[in-house]
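> One structure follows; several queries about it will come next.
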Amino acid sequence: MSSLAPYVLGNTLTLDKTRSVIEVNVKTTVGTFTSKFATFIPELSIDPVHGKVTGAVHFTMTDLKSNNDDRDMEIYMWLRTDKFPKADFVLDHVTSDLKTGASQAQGRLTINSVEREVSFPLTVTIKNKIMTMEGTSALDTRDYGLPIYRKFIIFSAEPLTSVHFKLIGSVSQQ
């Protein structure tokens with residue numbers, strides 16, 4: 001049984017999009033910045049018989065915002081959002097180590113029409129009927145067919161980024 005199953009089995013999980021966040025942390029030659037998805041579409045389902053957790057998160061890449069419009073436009077051109085406007089993460093399963101309580105999420109991420117398997121630690125907590133799922137995953141943009149971003153001769157962005165998410169939702173009895 002999945003590590004999420006005891007929290008949601010027999011319950012309904014309603015994600016709060018206003019409190020949930022997905023952000024990408026980028027290192028550049030002149031510092032770091034964080035871009036956040038202004039909107040995204042999360043889905044989560046639980047097999048009521050076996051407790052298997054599956055789900056997906058769908059993105060429109062132009063919803064990735066860094067609070068700098070010029071930088072965002074550069075990022076969109078680099079991501080080729082004109083050809084590949086959508087990205088998806090599909091959660092295949094969550095496993096738990098019964099001894100340590102640590103959970104691991106495994107799934108597939110598609111960016112720039114390239115699908116790759118990903119795996120990352122997942123923390124799940126529930127307090128006062130509010131569930132929080134949080135995790136961070138390293139991402140190498142070159143794995144998705146994207147070149148190293150360069151502007152002028154001296155400015156570039158590291159291809160290794162960090163994606164952090166925190167999904168918050170309410171749990172209620174069915």
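Residues are named by chain letter and number: chains run A, B, ... in the order of the structure tokens, numbers start at 1 in each chain, and ligands are numbered from 1 in the order shown.
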So that I can check the surroundings of Leu109 of chain A, please list as a list in words every protein, DNA and RNA residue that reaches within 10 Å of it, counting only C-alpha atoms and ignoring chain neighbours fewer than 6 positions away.
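Answer for this query is Ala56, Val57, His58, Ala87, Asp88, Phe89, Val90, Leu91, Glu115, Arg116, Glu117, Val118, Ser119, Leu139 and Tyr144 of chain A.
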> Could you take the residues named above and write them with C-alpha atoms, as an mmCIF file, in the first residue's frame?

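Below is the file that was written, selection.cif:
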data_model
loop_
_atom_site.group_PDB
_atom_site.id
_atom_site.type_symbol
_atom_site.label_atom_id
_atom_site.label_comp_id
_atom_site.auth_asym_id
_atom_site.auth_seq_id
_atom_site.Cartn_x
_atom_site.Cartn_y
_atom_site.Cartn_z
ATOM 1 C CA ALA A 56 -0.537 14.077 -12.660
ATOM 2 C CA VAL A 57 0.279 17.751 -12.777
ATOM 3 C CA HIS A 58 -0.226 19.627 -16.030
ATOM 4 C CA ALA A 87 4.506 20.011 -19.819
ATOM 5 C CA ASP A 88 3.276 17.159 -17.640
ATOM 6 C CA PHE A 89 4.343 15.173 -14.620
ATOM 7 C CA VAL A 90 2.656 11.785 -14.257
ATOM 8 C CA LEU A 91 2.965 10.102 -10.863
ATOM 9 C CA GLU A 115 9.691 12.273 -21.474
ATOM 10 C CA ARG A 116 12.071 11.155 -18.720
ATOM 11 C CA GLU A 117 11.621 9.040 -15.601
ATOM 12 C CA VAL A 118 12.089 10.944 -12.352
ATOM 13 C CA SER A 119 12.254 9.933 -8.719
ATOM 14 C CA LEU A 139 16.446 18.547 -13.060
ATOM 15 C CA TYR A 144 14.940 17.422 -22.166
#
> So, counting only C-alpha atoms, which residue among A:Ser45, A:Thr141, A:Ser20, A:Thr29 is closest to Ile154 of chain A?
A:Thr29
> Would you kindly return, as a ChimeraX atom specification, each protein, DNA or RNA residue with an atom no farther than 9 Å from any atom of segment 145-152 of chain A, considering only C-alpha atoms and excluding same-chain residues fewer than 6 positions away?
/A:75,78-80,111-114,158-159
> In Å, rounded to a single decimal, give me how far atom CA of Val21 of chain A is from atom CA of Lys36 of chain A.
7.1 Å
> Would you mind telling me which residue in A:Ser156, A:Gln104, A:Thr95, A:Thr161 lies nearest to Asp143 of chain A when using only C-alpha atoms?
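Smallest distance to Asp143 of chain A is found for A:Thr161.
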> Might you pull out every residue within 6 Å of His93 of chain A, with only C-alpha atoms counted and same-chain residues fewer than 5 positions away left off, and present them as a list of chain:residue names?
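Contacts, in chain order: A:Val53, A:Thr54, A:Gln106.
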> Phe59 of chain A: which residues within 8 Å, counting only C-alpha atoms, same-chain residues fewer than 5 positions away excluded, as a list in words?
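The contact residues come out as Phe37, Thr39, Phe40, Ile41, Lys86, Ala87 and Asp88 of chain A.
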> If we count only C-alpha atoms, what is near Asn67 of chain A at a cut-off of 10 Å, once residues fewer than 4 positions away on the same chain are taken out, given as a list in words?
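The neighbour list is Phe33, Thr34, Ser35, Lys36, Arg71 and Asp72 of chain A.
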> Okay, now the selection with all heavy atoms, as a CSV table (one decimal), in the first residue's frame?

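New file again29.csv:
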chain,number,residue,atom,x,y,z
A,33,PHE,N,17.7,32.9,-9.3
A,33,PHE,CA,16.4,33.4,-9.3
A,33,PHE,C,15.4,32.2,-9.2
A,33,PHE,O,15.8,31.1,-9.5
A,33,PHE,CB,16.1,34.3,-10.5
A,33,PHE,CG,16.0,33.6,-11.8
A,33,PHE,CD1,14.8,33.0,-12.3
A,33,PHE,CD2,17.2,33.5,-12.6
A,33,PHE,CE1,14.8,32.4,-13.6
A,33,PHE,CE2,17.2,32.8,-13.8
A,33,PHE,CZ,16.0,32.3,-14.3
A,34,THR,N,14.2,32.5,-8.8
A,34,THR,CA,13.2,31.5,-8.7
A,34,THR,C,12.0,31.9,-9.6
A,34,THR,O,11.5,33.0,-9.6
A,34,THR,CB,12.7,31.4,-7.2
A,34,THR,OG1,13.8,31.0,-6.4
A,34,THR,CG2,11.6,30.3,-7.1
A,35,SER,N,11.5,30.9,-10.4
A,35,SER,CA,10.3,31.1,-11.2
A,35,SER,C,9.3,30.2,-10.6
A,35,SER,O,9.6,29.1,-10.1
A,35,SER,CB,10.6,30.7,-12.6
A,35,SER,OG,11.4,31.7,-13.2
A,36,LYS,N,8.0,30.7,-10.5
A,36,LYS,CA,6.9,29.9,-10.0
A,36,LYS,C,5.8,29.7,-11.1
A,36,LYS,O,5.6,30.7,-11.9
A,36,LYS,CB,6.3,30.6,-8.8
A,36,LYS,CG,7.3,30.7,-7.6
A,36,LYS,CD,6.6,31.4,-6.5
A,36,LYS,CE,7.6,31.5,-5.3
A,36,LYS,NZ,7.1,32.2,-4.2
A,71,ARG,N,12.9,38.7,-18.6
A,71,ARG,CA,13.5,37.4,-18.4
A,71,ARG,C,12.6,36.3,-18.7
A,71,ARG,O,12.9,35.3,-19.4
A,71,ARG,CB,14.0,37.2,-16.9
A,71,ARG,CG,14.6,35.9,-16.6
A,71,ARG,CD,15.2,35.7,-15.2
A,71,ARG,NE,14.4,36.3,-14.2
A,71,ARG,CZ,14.9,36.9,-13.1
A,71,ARG,NH1,16.2,36.9,-12.9
A,71,ARG,NH2,14.1,37.4,-12.2
A,72,ASP,N,11.3,36.4,-18.4
A,72,ASP,CA,10.3,35.4,-18.7
A,72,ASP,C,10.2,35.2,-20.2
A,72,ASP,O,10.1,34.1,-20.7
A,72,ASP,CB,8.9,35.8,-18.1
A,72,ASP,CG,8.9,35.7,-16.6
A,72,ASP,OD1,9.9,35.2,-16.0
A,72,ASP,OD2,8.0,36.3,-16.0
> Just list the residues in chain A DSSP gives helix (DSSP H, G or I) on the backbone, as a list in words.
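Result set for chain A (helix (DSSP H, G or I)): Ala5, Pro6, Tyr7, Val8, Met61, Thr62, Asp63, Asp69, Asp70, Arg71, Asp72, Met73, Glu74, Ile75, Tyr76, Met77, Trp78, Leu79, Thr141, Arg142, Asp143 and Tyr144 of chain A.
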> Go through A:Lys166, A:Thr123, A:Lys65, A:Glu43 one by one, measure the shortest atom-to-atom distance of each to Gly101 of chain A using only C-alpha atoms, and give the residue with the smallest value.
A:Thr123
> So what do you get for atom CA of Glu23 of chain A versus atom CA of Leu160 of chain A, distance-wise?
14.1 Å
